[in-house]
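Have a look at data-v4.cif; it's mmCIF, C-alpha atoms:
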data_query
#
loop_
_atom_site.label_atom_id
_atom_site.label_comp_id
_atom_site.auth_asym_id
_atom_site.auth_seq_id
_atom_site.Cartn_x
_atom_site.Cartn_y
_atom_site.Cartn_z
CA MET A 502 0.00 0.00 0.00
CA ALA A 503 1.38 3.40 -0.98
CA ARG A 504 2.22 5.77 1.86
CA SER A 505 1.73 9.51 1.94
CA MET A 506 4.82 11.55 1.21
CA PRO A 507 5.54 12.83 4.78
CA GLU A 508 5.19 9.36 6.30
CA ASP A 509 7.26 7.76 3.55
CA LEU A 510 10.01 10.32 3.96
CA VAL A 511 10.18 9.76 7.71
CA CYS A 512 10.13 5.99 7.38
CA ARG A 513 12.93 6.01 4.82
CA ARG A 514 15.02 8.27 7.05
CA LEU A 515 14.39 6.11 10.10
CA ARG A 516 15.10 2.87 8.27
CA HIS A 517 18.34 4.39 7.06
CA THR A 518 19.32 4.72 10.71
CA ASP A 519 17.86 1.35 11.75
CA ALA A 520 14.86 2.96 13.47
CA GLY A 521 11.52 2.25 11.82
CA CYS A 522 7.97 3.50 12.07
CA SER A 523 4.45 2.35 11.39
CA PRO A 524 2.18 5.30 12.16
CA ASN A 525 -1.48 4.56 12.72
CA ARG A 526 -2.63 8.17 12.94
CA SER A 527 -3.24 10.90 10.39
CA GLY A 528 -3.69 14.65 10.48
CA PRO A 529 -1.66 17.63 11.77
CA LEU A 530 -0.80 16.11 15.15
CA ALA A 531 0.52 12.92 13.56
CA ALA A 532 2.53 15.00 11.09
CA LEU A 533 4.05 16.98 13.98
CA MET A 534 4.94 13.78 15.83
CA LEU A 535 6.50 12.31 12.71
CA LEU A 536 8.53 15.48 12.19
CA VAL A 537 9.84 15.31 15.77
CA VAL A 538 10.79 11.65 15.34
CA TRP A 539 12.52 12.45 12.04
CA LEU A 540 14.49 15.33 13.55
CA LEU A 541 15.60 13.18 16.46
CA ALA A 542 16.60 10.30 14.18
CA ALA A 543 18.55 12.66 11.94
CA CYS A 544 20.84 13.54 14.85
CA VAL A 545 21.56 9.93 15.80
CA ASP A 546 24.95 8.40 15.08
CA MET A 547 24.01 4.73 14.81
CA ARG A 548 26.57 2.16 15.95
CA PRO A 549 26.22 -1.43 14.74
CA SER A 550 25.99 -4.06 17.45
CA THR A 551 28.43 -6.82 16.56
CA PRO A 552 29.09 -10.22 18.21
CA VAL A 553 32.01 -10.42 20.60
CA ASN A 554 35.15 -12.15 19.37
CA PRO A 555 35.07 -15.47 21.29
CA GLU A 556 38.86 -15.65 21.34
CA ARG A 557 39.05 -12.18 22.86
CA LEU A 558 36.43 -13.00 25.50
CA SER A 559 38.22 -16.27 26.33
CA ARG A 560 40.83 -14.13 28.10
CA GLY A 561 38.15 -13.45 30.67
CA LEU A 562 36.13 -10.58 32.04
CA ALA A 563 36.34 -8.56 35.22
CA ILE A 564 33.14 -7.32 36.87
CA VAL A 565 33.54 -3.71 37.97
CA ARG A 566 31.32 -1.46 40.10
CA THR A 567 31.23 1.52 37.75
CA LEU A 568 28.87 2.87 35.12
CA PRO A 569 29.84 3.26 31.45
CA LYS A 570 30.52 6.72 30.08
CA ALA A 571 28.02 6.10 27.28
CA LEU A 572 24.58 6.55 28.86
CA PRO A 573 21.41 7.98 27.30
CA ASP A 574 21.18 11.76 27.25
CA LYS A 575 19.48 13.06 30.43
CA ALA A 576 19.89 9.71 32.16
CA THR A 577 20.29 10.20 35.91
CA PRO A 578 22.59 7.77 37.72
CA VAL A 579 21.69 7.02 41.33
CA PRO A 580 24.64 8.09 43.50
CA ASP A 581 26.91 5.25 44.62
CA ALA A 582 24.65 2.59 43.09
CA GLN A 583 24.29 0.60 39.89
CA TRP A 584 20.91 2.12 39.04
CA VAL A 585 20.21 4.59 36.22
CA LEU A 586 16.91 6.50 36.08
CA LEU A 587 15.43 7.40 32.70
CA PRO A 588 12.80 10.09 33.40
CA SER A 589 10.36 10.99 30.67
CA ASP A 590 10.93 14.19 28.70
CA SER A 591 8.65 17.07 29.50
CA ALA A 592 6.94 18.99 26.71
CA ALA A 593 6.69 21.93 29.11
CA GLN A 594 10.46 22.39 28.94
CA LEU A 595 10.14 23.15 25.21
CA LEU A 596 7.94 26.14 26.10
CA MET A 597 10.39 27.64 28.58
CA PRO A 598 11.46 31.15 27.42
CA VAL A 599 15.06 30.25 28.32
CA PRO A 600 15.63 26.54 27.50
CA PHE A 601 18.85 26.41 29.54
CA VAL A 602 16.92 27.34 32.68
CA GLY A 603 14.43 24.56 31.99
CA GLU A 604 17.26 22.05 31.66
CA VAL A 605 18.84 23.18 34.93
CA VAL A 606 15.55 22.93 36.81
CA GLU A 607 14.77 19.54 35.32
CA GLY A 608 18.29 18.30 36.04
CA ALA A 609 18.09 19.37 39.67
CA PHE A 610 14.70 17.69 40.04
CA ASN A 611 15.98 14.43 38.51
CA ALA A 612 19.10 14.47 40.70
CA SER A 613 16.94 14.89 43.79
CA ALA A 614 14.70 12.02 42.65
CA ALA A 615 17.78 9.82 42.13
CA GLY A 616 18.96 10.54 45.67
CA ARG A 617 15.58 9.54 47.10
CA PHE A 618 15.52 6.43 44.93
CA GLY A 619 18.95 5.37 46.19
CA THR A 620 17.75 5.57 49.78
CA ARG A 621 14.59 3.55 49.16
CA TYR A 622 16.25 0.86 47.07
CA ALA A 623 19.52 0.56 48.97
CA SER A 624 18.74 -3.05 49.90
CA ILE A 625 19.02 -4.13 46.22
CA ASP A 626 22.52 -4.18 44.74
CA PRO A 627 22.57 -5.14 41.02
CA TYR A 628 26.37 -5.36 41.07
CA ARG A 629 26.47 -7.98 43.84
CA THR A 630 23.58 -9.87 42.25
CA VAL A 631 25.38 -10.16 38.90
CA GLN A 632 28.65 -10.93 40.66
CA ALA A 633 26.99 -13.81 42.52
CA ALA A 634 25.41 -15.16 39.32
CA LEU A 635 28.76 -15.17 37.51
CA GLN A 636 31.08 -16.19 40.33
CA SER A 637 31.35 -19.80 39.17
CA SER A 638 31.83 -18.89 35.49
CA ALA A 639 35.20 -19.76 34.02
CA LEU A 640 35.15 -16.40 32.23
CA VAL A 641 35.37 -14.29 35.40
CA LYS A 642 38.84 -13.01 36.29
CA PRO A 643 40.10 -10.63 38.99
CA ALA A 644 40.08 -6.93 38.16
CA GLY A 645 43.31 -5.92 36.47
CA THR A 646 43.88 -9.28 34.77
CA PRO A 647 45.83 -8.54 31.54
CA GLY A 648 43.64 -8.81 28.48
CA ALA A 649 40.40 -9.25 30.43
CA MET A 650 37.31 -7.40 29.29
CA THR A 651 35.30 -5.31 31.74
CA LEU A 652 31.67 -5.99 32.61
CA GLN A 653 29.67 -3.14 34.14
CA PRO A 654 26.28 -4.34 35.42
CA TYR A 655 23.47 -1.92 36.21
CA VAL A 656 19.70 -1.46 35.96
CA PHE A 657 17.79 1.05 33.83
CA VAL A 658 14.55 2.32 35.43
CA GLN A 659 12.47 3.86 32.64
CA GLU A 660 9.46 6.10 33.25
CA CYS A 661 6.92 5.26 30.55
CA ILE A 662 3.92 6.83 28.85
CA ASP A 663 1.42 4.51 30.56
CA ASP A 664 2.48 5.75 34.02
CA ARG A 665 4.40 2.54 34.64
CA TYR A 666 8.10 2.02 35.34
CA ARG A 667 10.01 -0.67 33.45
CA LEU A 668 13.30 -2.21 34.56
CA THR A 669 16.11 -3.56 32.41
CA LEU A 670 19.19 -5.34 33.70
CA VAL A 671 22.19 -4.34 31.59
CA GLY A 672 25.61 -5.88 31.19
CA HIS A 673 27.95 -3.39 29.46
CA LEU A 674 30.92 -5.37 28.15
CA GLN A 675 34.01 -3.71 26.73
CA GLY A 676 37.45 -4.71 25.58
CA GLY A 677 39.71 -2.57 23.39
CA ASP A 678 37.69 -1.03 20.56
CA TRP A 679 34.80 -3.48 20.92
CA VAL A 680 31.74 -2.55 22.98
CA GLY A 681 28.70 -4.73 23.58
CA ARG A 682 25.58 -4.40 25.65
CA TYR A 683 23.35 -7.23 26.86
CA LEU A 684 19.90 -6.14 28.06
CA VAL A 685 17.48 -8.40 29.93
CA HIS A 686 14.07 -6.72 30.17
CA LEU A 687 12.41 -7.67 33.45
CA PRO A 688 8.76 -8.78 33.45
CA THR A 689 7.04 -6.73 36.17
CA THR A 690 6.07 -3.07 35.67
CA TYR A 691 5.57 -0.70 38.59
CA SER A 692 3.17 2.14 39.37
CA GLN A 693 4.16 5.61 40.50
CA ALA A 694 3.25 4.61 44.07
CA ASP A 695 5.43 1.51 43.84
CA HIS A 696 8.28 3.64 42.55
CA ASP A 697 7.94 6.39 45.16
CA GLN A 698 7.26 4.23 48.21
CA PRO A 699 8.20 0.60 47.45
CA SER A 700 6.61 -1.92 49.77
CA PRO A 701 8.56 -4.97 51.03
CA GLN A 702 6.65 -7.01 48.42
CA VAL A 703 7.74 -4.68 45.61
CA LEU A 704 11.36 -4.80 46.75
CA ALA A 705 11.21 -8.59 46.99
CA THR A 706 9.81 -8.84 43.46
CA MET A 707 12.51 -6.57 42.07
CA GLU A 708 15.26 -8.46 43.85
CA ARG A 709 13.94 -11.81 42.64
CA GLU A 710 13.59 -10.65 39.03
CA ILE A 711 17.03 -9.01 38.98
CA ALA A 712 18.52 -12.28 40.26
CA ALA A 713 16.71 -14.24 37.53
CA GLY A 714 17.87 -11.64 35.00
CA ALA A 715 21.45 -12.01 36.21
CA ALA A 716 21.29 -15.75 35.50
CA GLN A 717 19.99 -14.96 31.99
CA LEU A 718 22.73 -12.36 31.56
CA ARG A 719 25.33 -14.98 32.40
CA GLN A 720 23.85 -17.31 29.78
CA LEU A 721 24.02 -14.59 27.13
CA ILE A 722 27.64 -13.74 27.92
CA GLU A 723 28.69 -17.38 27.92
CA ARG A 724 26.81 -18.06 24.69
CA GLY A 725 28.62 -15.09 23.16
CA ALA A 726 31.91 -16.59 24.29
CA ARG A 727 30.97 -19.78 22.43
CA GLY A 728 30.11 -17.85 19.27
CA GLU A 729 26.39 -18.64 19.51
CA LEU A 730 24.99 -15.11 19.12
CA GLY A 731 25.86 -14.48 15.49
CA PRO A 732 23.46 -13.21 12.80
CA SER A 733 20.53 -15.47 12.03
CA GLY A 734 19.60 -13.96 8.67
CA VAL A 735 16.06 -13.18 9.93
CA ARG A 736 15.12 -9.53 10.24
CA ALA A 737 12.17 -7.80 11.87
CA GLU A 738 10.59 -4.48 12.78
CA VAL A 739 10.28 -4.31 16.56
CA GLY A 740 8.50 -2.00 18.97
CA SER A 741 8.22 -2.15 22.74
CA LEU A 742 7.69 0.24 25.63
CA HIS A 743 10.71 -1.52 27.14
CA LEU A 744 12.80 -0.11 24.28
CA VAL A 745 11.13 3.31 23.94
CA GLY A 746 8.63 4.04 26.67
CA ALA A 747 8.23 7.81 26.71
CA ARG A 748 7.36 10.57 24.27
CA ALA A 749 10.36 11.85 22.33
CA ALA A 750 10.86 15.53 23.24
CA GLY A 751 7.65 15.21 25.22
CA LEU A 752 5.62 15.04 22.00
CA ALA A 753 6.06 12.01 19.75
CA SER A 754 4.28 8.84 20.80
CA PRO A 755 6.70 6.00 21.67
CA ASN A 756 4.64 3.78 19.38
CA LEU A 757 6.04 5.77 16.44
CA VAL A 758 9.66 4.97 17.32
CA ARG A 759 10.44 1.41 16.36
CA ALA A 760 13.60 -0.46 15.45
CA ALA A 761 13.78 -1.73 11.88
CA ASN A 762 16.13 -4.22 10.23
CA VAL A 763 16.63 -5.90 13.62
CA ASP A 764 18.52 -9.19 13.70
CA VAL A 765 16.32 -11.88 15.27
CA ILE A 766 19.02 -14.07 16.81
CA GLU A 767 16.52 -16.48 18.29
CA GLU A 768 12.77 -16.87 18.72
CA THR A 769 10.94 -19.22 21.08
CA VAL A 770 7.26 -19.55 21.97
CA ASP A 771 7.60 -16.89 24.70
CA HIS A 772 10.77 -14.91 23.99
CA VAL A 773 12.80 -13.20 21.30
CA LEU A 774 16.53 -12.52 21.34
CA LEU A 775 17.37 -9.48 19.23
CA ARG A 776 20.45 -7.55 18.12
CA ILE A 777 19.82 -3.86 17.42
CA ALA A 778 22.02 -1.00 16.22
CA GLY A 779 21.81 2.28 18.08
CA ASP A 780 23.38 5.28 19.74
CA MET A 781 23.87 4.73 23.47
CA THR A 782 24.05 8.48 24.10
CA SER A 783 20.70 9.38 22.48
CA PRO A 784 17.79 10.14 24.81
CA ALA A 785 15.97 6.99 25.86
CA ALA A 786 12.80 8.28 24.19
CA SER A 787 14.53 8.46 20.81
CA GLY A 788 16.29 5.10 20.84
CA GLY A 789 19.01 5.38 23.48
CA LEU A 790 18.25 1.84 24.65
CA PHE A 791 18.35 0.28 21.18
CA PHE A 792 22.03 -0.67 20.96
CA GLY A 793 22.87 -4.21 22.00
CA VAL A 794 21.48 -7.71 22.42
CA HIS A 795 17.99 -7.75 23.97
CA LEU A 796 16.14 -10.57 25.67
CA LEU A 797 12.41 -9.73 25.61
CA ARG A 798 9.24 -11.60 26.35
CA LYS A 799 6.83 -11.53 23.44
CA ASP A 800 4.17 -10.01 25.66
CA GLN A 801 6.54 -7.05 26.14
CA LEU A 802 6.32 -6.19 22.42
CA HIS A 803 3.68 -4.07 20.75
CA THR A 804 5.24 -4.72 17.31
CA PHE A 805 7.03 -7.77 16.00
CA LYS A 806 6.88 -7.92 12.21
CA LYS A 807 9.32 -10.14 10.38
CA THR A 808 10.62 -8.45 7.25
CA GLY A 809 12.64 -11.28 5.70
CA ALA A 810 16.35 -11.90 5.26
CA ALA A 811 19.08 -9.46 6.22
CA SER A 812 19.44 -6.49 3.90
#
Any chance you could give the structure as structure tokens?
Amino acid sequence: MARSMPEDLVCRRLRHTDAGCSPNRSGPLAALMLLVVWLLAACVDMRPSTPVNPERLSRGLAIVRTLPKALPDKATPVPDAQWVLLPSDSAAQLLMPVPFVGEVVEGAFNASAAGRFGTRYASIDPYRTVQAALQSSALVKPAGTPGAMTLQPYVFVQECIDDRYRLTLVGHLQGGDWVGRYLVHLPTTYSQADHDQPSPQVLATMEREIAAGAAQLRQLIERGARGELGPSGVRAEVGSLHLVGARAAGLASPNLVRAANVDVIEETVDHVLLRIAGDMTSPAASGGLFFGVHLLRKDQLHTFKKTGAAS
């Protein structure tokens, strides 16, 4: 079916940068949203996600309690913790007479929120959880081991359009010029009340799911070391609030920002394992979580459309 010119232009531009779209709306508002998505995509420097060299990883990896330098724009690390908050963009900031002032105010608010979060969630330590899951792996070496890669584990907490918070356990792996990111998207979403005042039950659920995610993260890393996460030849267009959960620039619906030409490494009845190109420093709402290997439940996807062989 032929598309209208504005939509076709945006889709071609987004596909060129590995981000796709399938708009379901029409009219001036949809055109504005598409323009915002296009402008954001135009500024993205996409980095291909490539499999790790098994021989390089065979030298081992050291788990370190630090965060990578490459984090999504406006991400707010929780002080002294392996948590990174991804607050939604505010359209109100675009209306500020002095944008810099709006950014300062928003930054101060997010920093304060991160401090409160760190106090409430201090009982959960993603670093120690991943360390425990990997302690018996033959790949793990002491910090400072010559030739060993570094693994930085942390959790993204993304504020989404449906007033829910979604968590993703991340393993940022780096050695020399190669950078990889393994992302395990956790199943439970949380309300604003859960986020602001977590009950013992909420904390227990998070801790349990992060531990399960750490076991899955270990499997992904070890499979990569065995050369099992190479291209499958199957490609798809993929959309999920776990990948893009908030409005880009406070305007564009996250349903308009999808990843195209995604490598479907593996598909089961319940899960998909995907490799996506991306820019780790873009705002989360415009694809900052795309880069890397993603383990997602199918019920976490709003779009999964196979598009054929690799192009």
Taking all atoms listed in the file into account, which of A:Pro588, A:Leu721, A:Leu802, A:Gly809 comes nearest Pro573 in chain A?
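Answer, going by the shortest atom-to-atom distance: A:Pro588.
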If you count all atoms listed in the file, the residue of A:Leu752, A:Leu775, A:Leu652, A:Ala713 closest to Val739 in chain A turns out to be A:Leu775
Can you translate the PyMOL selection byres ((chain A and resi 629) around 12) into the concrete residues it hits in this file, as a ChimeraX atom specification?
/A:564-566,582-583,624-628,630-636,653-655,708,711-712,715
Take the PyMOL selection byres ((chain A and resi 800) around 10), apply it to the structure above, and return the hits as an MDAnalysis selection string.
chainID A and resid 688 741 771:772 797:799 801:804
Selected residues written out, C-alpha atoms, as a short mmCIF file (atom, residue, chain, number, x, y, z; two decimals), keeping the file's coordinate frame:
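In the end it all went to selection_26.cif:
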data_model
loop_
_atom_site.label_atom_id
_atom_site.label_comp_id
_atom_site.auth_asym_id
_atom_site.auth_seq_id
_atom_site.Cartn_x
_atom_site.Cartn_y
_atom_site.Cartn_z
CA PRO A 688 8.76 -8.78 33.45
CA SER A 741 8.22 -2.15 22.74
CA ASP A 771 7.60 -16.89 24.70
CA HIS A 772 10.77 -14.91 23.99
CA LEU A 797 12.41 -9.73 25.61
CA ARG A 798 9.24 -11.60 26.35
CA LYS A 799 6.83 -11.53 23.44
CA GLN A 801 6.54 -7.05 26.14
CA LEU A 802 6.32 -6.19 22.42
CA HIS A 803 3.68 -4.07 20.75
CA THR A 804 5.24 -4.72 17.31
#
Go through A:Thr690, A:Val735, A:Val794, A:Thr769 and flag the residue nearest Lys806 in chain A, using all atoms listed in the file for the distances.
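Nearest to Lys806 in chain A: A:Val735.
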Give, as lines of an AutoDock Vina configuration file, the centre coordinates and the x, y and z edge lengths in Å to one decimal for an axis-aligned box around all listed atoms of range 618-636 of chain A, padded by 6 Å on each side.
center_x = 22.8
center_y = -4.9
center_z = 43.7
size_x = 28.5
size_y = 34.6
size_z = 24.4
Tell me, as an MDAnalysis selection string, which residues lie within 9 Å of range 668-670 of chain A, counting only C-alpha atoms; anything in the same chain fewer than 2 positions away does not count.
chainID A and resid 627 654:659 666 672 683:691 707 711 714:715 718 743
